[in-house]
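Engineer: Got a structure for you, run.pdb, holding PDB, C-alpha atoms.
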ATOM      1  CA  MET A 236       0.167  23.316  13.288
ATOM      2  CA  VAL A 237      -2.452  25.081  11.268
ATOM      3  CA  SER A 238      -5.767  23.373  11.689
ATOM      4  CA  VAL A 239      -6.462  22.191   8.210
ATOM      5  CA  GLN A 240      -7.536  18.647   8.932
ATOM      6  CA  SER A 241     -10.993  17.923   7.716
ATOM      7  CA  ASP A 242     -13.656  17.131  10.243
ATOM      8  CA  GLN A 243     -15.879  16.111   7.369
ATOM      9  CA  ARG A 244     -18.300  18.934   7.926
ATOM     10  CA  SER A 245     -20.841  19.210   5.190
ATOM     11  CA  ASP A 246     -19.412  22.446   3.848
ATOM     12  CA  GLU A 247     -16.011  20.862   3.254
ATOM     13  CA  PRO A 248     -14.929  18.671   0.372
ATOM     14  CA  LEU A 249     -15.263  14.998   1.137
ATOM     15  CA  VAL A 250     -12.128  13.077   2.007
ATOM     16  CA  PRO A 251     -12.854   9.346   1.898
ATOM     17  CA  SER A 252     -11.493   6.757   4.268
ATOM     18  CA  SER A 253      -9.678   3.683   3.047
ATOM     19  CA  VAL A 254      -9.130   0.026   3.822
ATOM     20  CA  LYS A 255      -6.567  -2.485   2.591
ATOM     21  CA  ILE A 256      -6.382  -6.111   1.630
ATOM     22  CA  VAL A 257      -2.866  -7.510   1.306
ATOM     23  CA  ILE A 258      -2.041  -9.974  -1.468
ATOM     24  CA  ALA A 259       0.973 -11.974  -0.307
ATOM     25  CA  GLY A 260       2.981 -14.810  -1.752
ATOM     26  CA  GLY A 261       6.282 -15.762  -3.299
ATOM     27  CA  PHE A 262       8.045 -14.066  -6.161
ATOM     28  CA  GLY A 263       6.308 -14.583  -9.503
ATOM     29  CA  VAL A 264       3.214 -16.327  -8.154
ATOM     30  CA  GLY A 265       0.807 -13.872  -9.767
ATOM     31  CA  LYS A 266       0.137 -11.250  -7.081
ATOM     32  CA  THR A 267       0.174  -8.277  -9.443
ATOM     33  CA  THR A 268      -1.876 -10.256 -11.968
ATOM     34  CA  MET A 269      -4.515 -10.783  -9.280
ATOM     35  CA  VAL A 270      -4.464  -7.106  -8.294
ATOM     36  CA  GLY A 271      -4.855  -6.154 -11.958
ATOM     37  CA  ALA A 272      -7.749  -8.553 -12.474
ATOM     38  CA  VAL A 273     -10.001  -6.752  -9.987
ATOM     39  CA  SER A 274      -8.572  -3.243  -9.764
ATOM     40  CA  GLU A 275     -10.450  -0.379 -11.410
ATOM     41  CA  ILE A 276      -7.111   1.135 -12.411
ATOM     42  CA  THR A 277      -4.091  -0.477 -14.050
ATOM     43  CA  PRO A 278      -1.948  -1.588 -11.103
ATOM     44  CA  LEU A 279       0.308   1.217  -9.965
ATOM     45  CA  ARG A 280       3.822   0.873  -8.671
ATOM     46  CA  THR A 281       5.307   2.992  -5.965
ATOM     47  CA  GLU A 282       8.843   2.779  -4.720
ATOM     48  CA  GLU A 283      10.276   3.349  -1.316
ATOM     49  CA  LEU A 284      13.934   4.201  -1.013
ATOM     50  CA  LEU A 285      15.848   2.295   1.576
ATOM     51  CA  THR A 286      19.188   3.258   2.958
ATOM     52  CA  GLU A 287      21.466   1.474   5.386
ATOM     53  CA  ALA A 288      20.989   4.439   7.637
ATOM     54  CA  GLY A 289      17.253   3.767   7.666
ATOM     55  CA  GLU A 290      15.100   5.725  10.052
ATOM     56  CA  GLU A 291      17.947   7.140  12.058
ATOM     57  CA  ILE A 292      18.602  10.114   9.836
ATOM     58  CA  ASP A 293      16.769  13.370   9.316
ATOM     59  CA  ASP A 294      18.880  14.618   6.508
ATOM     60  CA  LEU A 295      20.947  13.028   3.786
ATOM     61  CA  ALA A 296      23.978  15.242   4.267
ATOM     62  CA  GLY A 297      26.957  12.997   4.932
ATOM     63  CA  VAL A 298      25.320   9.704   3.981
ATOM     64  CA  GLU A 299      26.271   9.758   0.333
ATOM     65  CA  GLY A 300      28.294   6.591   0.798
ATOM     66  CA  LYS A 301      25.402   4.498   2.098
ATOM     67  CA  ASN A 302      23.955   1.868  -0.135
ATOM     68  CA  THR A 303      20.511   2.612  -1.414
ATOM     69  CA  THR A 304      18.000   0.206  -2.750
ATOM     70  CA  THR A 305      14.358   0.463  -3.580
ATOM     71  CA  VAL A 306      11.439  -1.710  -2.708
ATOM     72  CA  ALA A 307       8.577  -1.686  -5.165
ATOM     73  CA  LEU A 308       4.950  -2.059  -4.150
ATOM     74  CA  ASP A 309       2.267  -2.805  -6.703
ATOM     75  CA  PHE A 310      -1.279  -1.897  -5.849
ATOM     76  CA  GLY A 311      -4.742  -1.387  -7.217
ATOM     77  CA  ARG A 312      -7.950   0.240  -6.057
ATOM     78  CA  ILE A 313     -11.647  -0.479  -5.874
ATOM     79  CA  THR A 314     -13.871   2.473  -5.035
ATOM     80  CA  ILE A 315     -16.515   1.040  -2.725
ATOM     81  CA  ASN A 316     -18.497   4.283  -2.498
ATOM     82  CA  PRO A 317     -17.645   8.005  -2.428
ATOM     83  CA  GLU A 318     -16.654   7.670   1.226
ATOM     84  CA  LEU A 319     -14.696   4.426   1.137
ATOM     85  CA  VAL A 320     -11.873   3.089  -1.045
ATOM     86  CA  LEU A 321     -10.409  -0.422  -0.927
ATOM     87  CA  TYR A 322      -6.732  -0.787  -1.841
ATOM     88  CA  LEU A 323      -5.130  -4.073  -2.797
ATOM     89  CA  PHE A 324      -1.426  -4.194  -2.053
ATOM     90  CA  GLY A 325       0.897  -6.884  -3.346
ATOM     91  CA  THR A 326       3.740  -7.681  -0.969
ATOM     92  CA  PRO A 327       7.282  -7.392  -2.261
ATOM     93  CA  GLY A 328       8.194 -10.913  -3.364
ATOM     94  CA  GLN A 329      11.779 -10.930  -2.204
ATOM     95  CA  ASP A 330      12.406 -12.246   1.279
ATOM     96  CA  ARG A 331      14.715  -9.399   2.187
ATOM     97  CA  PHE A 332      11.739  -7.029   2.237
ATOM     98  CA  TRP A 333       9.862  -8.815   5.012
ATOM     99  CA  PHE A 334       9.947  -5.692   7.149
ATOM    100  CA  MET A 335       7.696  -3.940   4.617
ATOM    101  CA  TRP A 336       4.978  -6.458   5.368
ATOM    102  CA  ASP A 337       4.370  -4.881   8.759
ATOM    103  CA  GLU A 338       3.617  -1.488   7.285
ATOM    104  CA  LEU A 339       1.410  -3.106   4.671
ATOM    105  CA  SER A 340      -0.565  -5.222   7.082
ATOM    106  CA  VAL A 341      -1.252  -2.540   9.698
ATOM    107  CA  GLY A 342      -4.917  -1.681   9.371
ATOM    108  CA  SER A 343      -5.605  -4.267   6.696
ATOM    109  CA  ILE A 344      -8.949  -6.031   6.928
ATOM    110  CA  GLY A 345      -7.496  -9.287   5.675
ATOM    111  CA  ALA A 346      -5.034 -10.988   3.376
ATOM    112  CA  VAL A 347      -4.727 -13.449   0.531
ATOM    113  CA  VAL A 348      -1.794 -15.863   0.514
ATOM    114  CA  LEU A 349      -1.409 -16.703  -3.151
ATOM    115  CA  VAL A 350       0.429 -19.955  -3.812
ATOM    116  CA  ASP A 351       1.180 -22.078  -6.814
ATOM    117  CA  THR A 352       1.298 -25.856  -6.593
ATOM    118  CA  ARG A 353       4.738 -26.038  -8.176
ATOM    119  CA  ARG A 354       6.192 -24.080  -5.270
ATOM    120  CA  LEU A 355       3.851 -24.458  -2.333
ATOM    121  CA  GLU A 356       6.720 -23.853   0.078
ATOM    122  CA  ALA A 357       6.939 -20.231  -1.144
ATOM    123  CA  GLY A 358       3.710 -19.630   0.792
ATOM    124  CA  PHE A 359       5.016 -20.808   4.169
ATOM    125  CA  GLY A 360       6.414 -17.469   5.216
ATOM    126  CA  ALA A 361       3.227 -15.585   4.431
ATOM    127  CA  VAL A 362       1.003 -18.118   6.223
ATOM    128  CA  ASP A 363       3.206 -17.861   9.290
ATOM    129  CA  PHE A 364       3.254 -14.055   9.159
ATOM    130  CA  PHE A 365      -0.535 -13.637   9.134
ATOM    131  CA  GLU A 366      -1.144 -16.408  11.681
ATOM    132  CA  ARG A 367       1.200 -14.765  14.177
ATOM    133  CA  ARG A 368      -0.444 -11.381  13.748
ATOM    134  CA  HIS A 369      -3.988 -12.751  13.834
ATOM    135  CA  ILE A 370      -4.794 -11.177  10.490
ATOM    136  CA  PRO A 371      -7.645 -13.047   8.768
ATOM    137  CA  PHE A 372      -6.349 -14.677   5.601
ATOM    138  CA  VAL A 373      -7.327 -17.191   2.962
ATOM    139  CA  VAL A 374      -4.995 -19.371   0.928
ATOM    140  CA  ALA A 375      -5.673 -19.000  -2.799
ATOM    141  CA  VAL A 376      -4.094 -21.582  -5.083
ATOM    142  CA  ASN A 377      -3.341 -20.054  -8.454
ATOM    143  CA  CYS A 378      -4.047 -22.877 -10.873
ATOM    144  CA  PHE A 379      -1.628 -22.411 -13.716
ATOM    145  CA  GLU A 380      -2.286 -24.444 -16.794
ATOM    146  CA  GLY A 381      -0.363 -27.650 -16.642
ATOM    147  CA  SER A 382       0.245 -27.381 -12.922
ATOM    148  CA  HIS A 383      -0.240 -30.566 -10.957
ATOM    149  CA  SER A 384      -3.563 -30.889  -9.316
ATOM    150  CA  TYR A 385      -3.609 -31.972  -5.736
ATOM    151  CA  THR A 386      -6.603 -32.360  -3.509
ATOM    152  CA  THR A 387      -7.286 -29.444  -1.191
ATOM    153  CA  ASP A 388      -6.557 -31.763   1.727
ATOM    154  CA  GLU A 389      -3.133 -32.539   0.338
ATOM    155  CA  MET A 390      -2.421 -28.844  -0.146
ATOM    156  CA  ARG A 391      -3.688 -28.002   3.321
ATOM    157  CA  GLN A 392      -1.373 -30.622   4.727
ATOM    158  CA  ALA A 393       1.592 -29.470   2.657
ATOM    159  CA  LEU A 394       1.067 -25.861   3.751
ATOM    160  CA  ASP A 395       0.267 -26.882   7.328
ATOM    161  CA  VAL A 396      -2.861 -24.738   7.542
ATOM    162  CA  SER A 397      -5.809 -25.751   9.680
ATOM    163  CA  ASP A 398      -9.375 -26.362   8.533
ATOM    164  CA  THR A 399     -10.330 -22.954   9.894
ATOM    165  CA  VAL A 400      -8.332 -21.228   7.132
ATOM    166  CA  PRO A 401     -10.311 -21.113   3.882
ATOM    167  CA  LEU A 402      -8.446 -22.612   0.921
ATOM    168  CA  VAL A 403      -9.711 -21.721  -2.533
ATOM    169  CA  LEU A 404      -8.632 -22.490  -6.073
ATOM    170  CA  CYS A 405      -8.403 -19.526  -8.418
ATOM    171  CA  ASP A 406      -7.132 -18.177 -11.682
ATOM    172  CA  ALA A 407      -5.263 -14.947 -10.940
ATOM    173  CA  ARG A 408      -5.978 -13.696 -14.480
ATOM    174  CA  ASP A 409      -9.723 -14.044 -14.125
ATOM    175  CA  ARG A 410     -11.740 -11.181 -12.676
ATOM    176  CA  GLU A 411     -14.660 -13.264 -11.381
ATOM    177  CA  SER A 412     -12.296 -15.803  -9.862
ATOM    178  CA  CYS A 413     -10.320 -13.096  -8.040
ATOM    179  CA  LYS A 414     -13.526 -11.385  -6.936
ATOM    180  CA  ALA A 415     -14.571 -14.673  -5.346
ATOM    181  CA  VAL A 416     -11.250 -14.827  -3.485
ATOM    182  CA  LEU A 417     -11.735 -11.300  -2.110
ATOM    183  CA  VAL A 418     -15.292 -12.152  -1.079
ATOM    184  CA  ARG A 419     -13.927 -15.146   0.859
ATOM    185  CA  VAL A 420     -11.360 -12.951   2.621
ATOM    186  CA  ILE A 421     -13.995 -10.437   3.698
ATOM    187  CA  GLU A 422     -16.455 -13.145   4.785
ATOM    188  CA  HIS A 423     -13.674 -14.853   6.723
ATOM    189  CA  ALA A 424     -12.828 -11.546   8.436
ATOM    190  CA  MET A 425     -16.515 -11.152   9.329
ATOM    191  CA  ASN A 426     -16.648 -14.656  10.794
ATOM    192  CA  LYS A 427     -13.569 -14.034  12.898
ATOM    193  CA  LEU A 428     -15.011 -10.742  14.136
ATOM    194  CA  ASP A 429     -18.231 -12.530  14.990
ATOM    195  CA  VAL A 430     -16.370 -15.158  17.011
ATOM    196  CA  MET A 431     -14.531 -12.477  18.972
ATOM    197  CA  ALA A 432     -17.708 -10.504  19.728
TER     198      ALA A 432
ATOM    199  CA  MET B 273      35.279  11.634  -0.695
ATOM    200  CA  SER B 274      37.677  13.865  -2.602
ATOM    201  CA  GLN B 275      39.753  10.942  -3.822
ATOM    202  CA  HIS B 276      36.798   9.730  -5.847
ATOM    203  CA  SER B 277      36.339  10.926  -9.377
ATOM    204  CA  ALA B 278      33.200  12.765 -10.400
ATOM    205  CA  ASP B 279      31.857   9.448 -11.678
ATOM    206  CA  TRP B 280      31.562   8.286  -8.112
ATOM    207  CA  TRP B 281      28.319  10.194  -7.779
ATOM    208  CA  TYR B 282      26.720   8.429 -10.655
ATOM    209  CA  ASP B 283      27.118   4.815  -9.650
ATOM    210  CA  GLU B 284      24.141   2.539  -9.441
ATOM    211  CA  ALA B 285      23.523   3.190  -5.778
ATOM    212  CA  ALA B 286      23.546   6.955  -5.980
ATOM    213  CA  GLY B 287      21.623   7.222  -9.226
ATOM    214  CA  PRO B 288      18.067   6.873  -7.982
ATOM    215  CA  MET B 289      18.842   8.680  -4.767
ATOM    216  CA  VAL B 290      20.187  12.072  -5.684
ATOM    217  CA  ARG B 291      17.401  13.556  -7.721
ATOM    218  CA  PRO B 292      14.356  12.639  -5.636
ATOM    219  CA  TYR B 293      15.837  13.952  -2.422
ATOM    220  CA  ALA B 294      17.160  17.036  -4.170
ATOM    221  CA  MET B 295      13.492  17.750  -4.873
ATOM    222  CA  VAL B 296      12.945  18.266  -1.162
ATOM    223  CA  SER B 297      16.345  19.766  -0.311
ATOM    224  CA  GLY B 298      17.565  16.538   1.244
ATOM    225  CA  ARG B 299      14.734  16.356   3.743
ATOM    226  CA  THR B 300      13.773  12.785   4.619
ATOM    227  CA  ARG B 301      11.189  13.550   7.277
ATOM    228  CA  PRO B 302       7.822  15.143   6.619
ATOM    229  CA  LYS B 303       6.809  18.197   8.624
ATOM    230  CA  PRO B 304       4.663  17.397  11.676
ATOM    231  CA  ALA B 305       1.600  18.103   9.547
ATOM    232  CA  GLY B 306       2.476  14.972   7.602
ATOM    233  CA  ASP B 307       3.203  12.697  10.575
ATOM    234  CA  GLU B 308       0.056  10.681  10.151
ATOM    235  CA  LEU B 309       0.424   9.997   6.450
ATOM    236  CA  THR B 310       0.333   6.309   5.559
ATOM    237  CA  LEU B 311       0.253   4.548   2.190
ATOM    238  CA  THR B 312      -3.518   4.733   1.994
ATOM    239  CA  THR B 313      -4.241   8.077   3.673
ATOM    240  CA  GLN B 314      -6.537  10.017   1.379
ATOM    241  CA  VAL B 315      -5.453  13.523   0.476
ATOM    242  CA  ARG B 316      -7.394  16.162  -1.378
ATOM    243  CA  ALA B 317      -6.516  19.627  -2.635
ATOM    244  CA  ILE B 318      -8.791  22.462  -1.669
ATOM    245  CA  ARG B 319      -9.154  25.825  -3.332
ATOM    246  CA  THR B 320      -7.277  28.429  -1.395
ATOM    247  CA  SER B 321      -6.248  31.965  -2.057
ATOM    248  CA  SER B 322      -2.704  31.119  -0.996
ATOM    249  CA  ASP B 323       0.180  32.271  -3.153
ATOM    250  CA  HIS B 324       1.641  29.375  -5.085
ATOM    251  CA  GLY B 325       4.729  31.370  -6.043
ATOM    252  CA  SER B 326       7.016  29.661  -3.552
ATOM    253  CA  LEU B 327       5.915  26.144  -4.467
ATOM    254  CA  LEU B 328       7.952  23.621  -6.429
ATOM    255  CA  VAL B 329       6.719  22.172  -9.696
ATOM    256  CA  GLU B 330       6.117  18.892  -7.812
ATOM    257  CA  HIS B 331       3.923  20.673  -5.262
ATOM    258  CA  LEU B 332       1.817  22.075  -8.075
ATOM    259  CA  GLU B 333       1.573  18.649  -9.700
ATOM    260  CA  ILE B 334       0.304  17.209  -6.431
ATOM    261  CA  ILE B 335      -2.327  19.950  -6.137
ATOM    262  CA  LYS B 336      -3.461  19.158  -9.664
ATOM    263  CA  LEU B 337      -3.557  15.400  -9.036
ATOM    264  CA  CYS B 338      -5.459  15.789  -5.798
ATOM    265  CA  ARG B 339      -8.402  17.721  -7.185
ATOM    266  CA  LYS B 340     -10.117  14.429  -6.566
ATOM    267  CA  PRO B 341      -9.140  12.506  -3.438
ATOM    268  CA  LEU B 342      -6.198  10.129  -3.838
ATOM    269  CA  SER B 343      -4.093   8.007  -1.514
ATOM    270  CA  VAL B 344      -0.502   8.911  -0.700
ATOM    271  CA  ALA B 345       0.598   5.779  -2.604
ATOM    272  CA  GLU B 346      -1.311   6.859  -5.721
ATOM    273  CA  VAL B 347       0.188  10.341  -5.607
ATOM    274  CA  ALA B 348       3.673   8.782  -5.352
ATOM    275  CA  ALA B 349       2.991   6.441  -8.269
ATOM    276  CA  TYR B 350       1.594   9.164 -10.540
ATOM    277  CA  LEU B 351       4.404  11.538  -9.580
ATOM    278  CA  ASN B 352       6.929   8.739 -10.091
ATOM    279  CA  ALA B 353       8.654   9.742  -6.873
ATOM    280  CA  PRO B 354       9.532   7.672  -3.797
ATOM    281  CA  LEU B 355       6.958   7.571  -1.019
ATOM    282  CA  VAL B 356       9.099   9.364   1.511
ATOM    283  CA  VAL B 357       9.655  12.274  -0.861
ATOM    284  CA  VAL B 358       5.943  12.533  -1.552
ATOM    285  CA  LYS B 359       5.201  12.535   2.164
ATOM    286  CA  VAL B 360       7.590  15.459   2.626
ATOM    287  CA  LEU B 361       5.984  17.379  -0.244
ATOM    288  CA  LEU B 362       2.481  16.630   1.048
ATOM    289  CA  SER B 363       3.403  17.762   4.536
ATOM    290  CA  ASP B 364       4.419  21.134   3.074
ATOM    291  CA  LEU B 365       1.037  21.444   1.377
ATOM    292  CA  ILE B 366      -0.944  20.297   4.404
ATOM    293  CA  GLN B 367       0.830  22.846   6.577
ATOM    294  CA  ARG B 368       0.038  25.568   4.056
ATOM    295  CA  GLY B 369      -3.586  24.497   3.915
ATOM    296  CA  ASP B 370      -3.570  23.675   0.212
ATOM    297  CA  VAL B 371      -4.227  19.991   0.852
ATOM    298  CA  ILE B 372      -6.429  18.387   3.464
ATOM    299  CA  THR B 373      -6.533  14.887   4.842
ATOM    300  CA  ARG B 374      -8.856  13.233   7.276
ATOM    301  CA  ASP B 375      -8.582  14.178  10.888
ATOM    302  CA  PRO B 376      -5.871  11.819  12.237
ATOM    303  CA  SER B 377      -8.249  10.536  14.891
ATOM    304  CA  ARG B 378     -10.600   9.484  12.121
ATOM    305  CA  THR B 379      -7.997   8.098   9.736
ATOM    306  CA  ALA B 380      -7.859   4.670  11.319
ATOM    307  CA  VAL B 381     -11.230   3.244  10.424
ATOM    308  CA  PRO B 382     -12.402   0.756  13.033
ATOM    309  CA  VAL B 383     -12.832  -2.650  11.426
ATOM    310  CA  ASP B 384     -16.366  -3.561  12.414
ATOM    311  CA  MET B 385     -19.205  -5.535  10.818
ATOM    312  CA  ASN B 386     -20.685  -2.420   9.280
ATOM    313  CA  LEU B 387     -17.431  -1.589   7.499
ATOM    314  CA  LEU B 388     -16.816  -5.165   6.358
ATOM    315  CA  GLN B 389     -20.362  -5.422   5.025
ATOM    316  CA  LYS B 390     -19.834  -2.249   2.984
ATOM    317  CA  VAL B 391     -16.587  -3.627   1.553
ATOM    318  CA  LEU B 392     -18.243  -6.964   0.803
ATOM    319  CA  ASP B 393     -21.148  -5.276  -1.001
ATOM    320  CA  GLY B 394     -18.709  -3.091  -2.902
ATOM    321  CA  VAL B 395     -16.542  -5.997  -4.075
ATOM    322  CA  ARG B 396     -19.583  -8.040  -5.096
ATOM    323  CA  ALA B 397     -20.807  -5.103  -7.158
ATOM    324  CA  ILE B 398     -17.694  -4.729  -9.343
TER     325      ILE B 398
END
Please render this file's structure as structure tokens.

Structural biologist:
Amino acid sequence: MVSVQSDQRSDEPLVPSSVKIVIAGGFGVGKTTMVGAVSEITPLRTEELLTEAGEEIDDLAGVEGKNTTTVALDFGRITINPELVLYLFGTPGQDRFWFMWDELSVGSIGAVVLVDTRRLEAGFGAVDFFERRHIPFVVAVNCFEGSHSYTTDEMRQALDVSDTVPLVLCDARDRESCKAVLVRVIEHAMNKLDVMA
Amino acid sequence: MSQHSADWWYDEAAGPMVRPYAMVSGRTRPKPAGDELTLTTQVRAIRTSSDHGSLLVEHLEIIKLCRKPLSVAEVAAYLNAPLVVVKVLLSDLIQRGDVITRDPSRTAVPVDMNLLQKVLDGVRAI
């Protein structure tokens, strides 16, 4: 391989590094709305093609009969400084794309599990996923107008999350509200790191 | 396959599949130069004296897009092409030296207090 990788010497153009925060939750809960509220760009969508043959093939010759489907990922970006970019990735809402969550969560600094009180149970899977992988996460309750209000204790109980997991109320359309959620995720990640040290 | 009519190729399943992969001659794996590419790997085009004559239109679009650093996912979104196809195209360009990425050993940023503090400050500042 030709050695073209940057060692970030001063005479070479700067290539920033990047970090991720994953925004998870059920279908239609407002993940892309949240990404859009804080992203410096209109949320982008990228699609991955999936085939039945999956990773086992190097070439598409002969697999014309396989079913293909696409999984869409919506994401936004926040440029922290010229050397560091934060990406916010929404998880695919449909359950059949669970396997994509692994790729998304590798190297993420933390996650938001966005839930809505009308369908709290849609957040179970995400809570379980991040708990098992020890990824710091906060539960953010998207307070839709007209949605029932429960106490945070009731919601904690319904979602079966412990007191150590921050639970915050938010409005996924509101920039300041979503900023506050991200701040909680990062602070929570810092606390967990501190405990481990 | 021969018993199928020509329409067989244009069903819902084949539709989104044929063109993107045709772009990269059916290749579904990036060259080794692109092994380390993830969704958020930053790529940047550099000025070279290399001959662009053999490049595809999509290669040239990537070079144009990456005049400022972008992630693989952003390139895919702007190019409106599937991620795997973009990784293949990027691997061509990395091997040629038209596009650089971070040294693979430096791509995975260690999550430490210093990094988290920077991210926290950055988010608070938006």

Engineer: What is the distance between atom CA of Asn352 of chain B and atom CA of Val341 of chain A, in Å to one decimal?

Structural biologist: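 Going from atom CA of Asn352 of chain B over to atom CA of Val341 of chain A, I get 24.2 Å.
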
Engineer: Pick from A:Val420, A:Val250, A:Ala407, A:Ala375: nearest to chain B, with all atoms listed in the file counted?

Structural biologist: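 Ranked by minimum distance to chain B, first place goes to A:Val250.
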
Engineer: Name the residues that the PyMOL selection byres ((chain A and resi 273) around 12) picks from the file above, as a ChimeraX atom specification, using the file's chain letters and numbers.

Structural biologist: /A:266-272,274-278,310-314,321-324,406-418 /B:394-398

Engineer: Starting from the PyMOL selection byres ((chain B and resi 305-317) around 7), expand the selection into actual residues of this file and give them as number ranges by chain.

Structural biologist: A: 236, 250-253; B: 302-304, 318-319, 335, 338-345, 359, 362-363, 366-367, 370-373, 376

Engineer: Compare B:Leu351, B:Asp384, B:Val391, B:Arg301 by their minimum atom-to-atom distance to His331 of chain B, counting all atoms listed in the file, and give me the closest one.

Structural biologist: B:Leu351

Engineer: What separation in Å, quoted to one decimal, exists between atom CA of Cys405 of chain A and atom CA of Val376 of chain A?

Structural biologist: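 Between atom CA of Cys405 of chain A and atom CA of Val376 of chain A the gap works out to 5.8 Å.
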
Engineer: Just the residues within 9 Å of segment 353-361 of chain A, please, counting all atoms listed in the file, with nothing from its chain fewer than 2 positions along; format it as a ChimeraX atom specification.

Structural biologist: /A:259-262,264,330,348-351,363-366,374,376,382-383,390,393-395

Engineer: What gap, in Å, lies between atom CA of Val347 of chain A and atom CA of Val373 of chain A?

Structural biologist: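 Pair atom CA of Val347 of chain A / atom CA of Val373 of chain A returns 5.2 Å.
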
Engineer: With all atoms listed in the file as the atoms that count, which of B:Gly369, B:Met385, B:Asp393, B:Val347 lies nearest to Ser321 of chain B?

Structural biologist: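 The shortest atom-to-atom distance to Ser321 of chain B comes from B:Gly369.
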
Engineer: Which of these residues is nearest to Gly325 of chain A, using only C-alpha atoms: A:Arg367, A:Asn377, A:Val257, A:Gln392?

Structural biologist: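 Of all the options, A:Val257 lies closest to Gly325 of chain A.
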
Engineer: Let me make sure I understand: among B:Leu365, B:Ser322, B:Gln389, B:Pro354, which one has the smallest atom-to-atom distance to chain A if we use all atoms listed in the file?

Structural biologist: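 Closest residue, counting all atoms listed in the file: B:Pro354.
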
Engineer: For the provided coordinates, the residues matched by the PyMOL selection byres ((chain A and resi 422-427) around 10) should be stated as a count of residues only.

Structural biologist: 30

Engineer: Which is closest to chain A among B:Leu337, B:Val360, B:Ala353, B:Val329, if we use only C-alpha atoms?

Structural biologist: B:Ala353
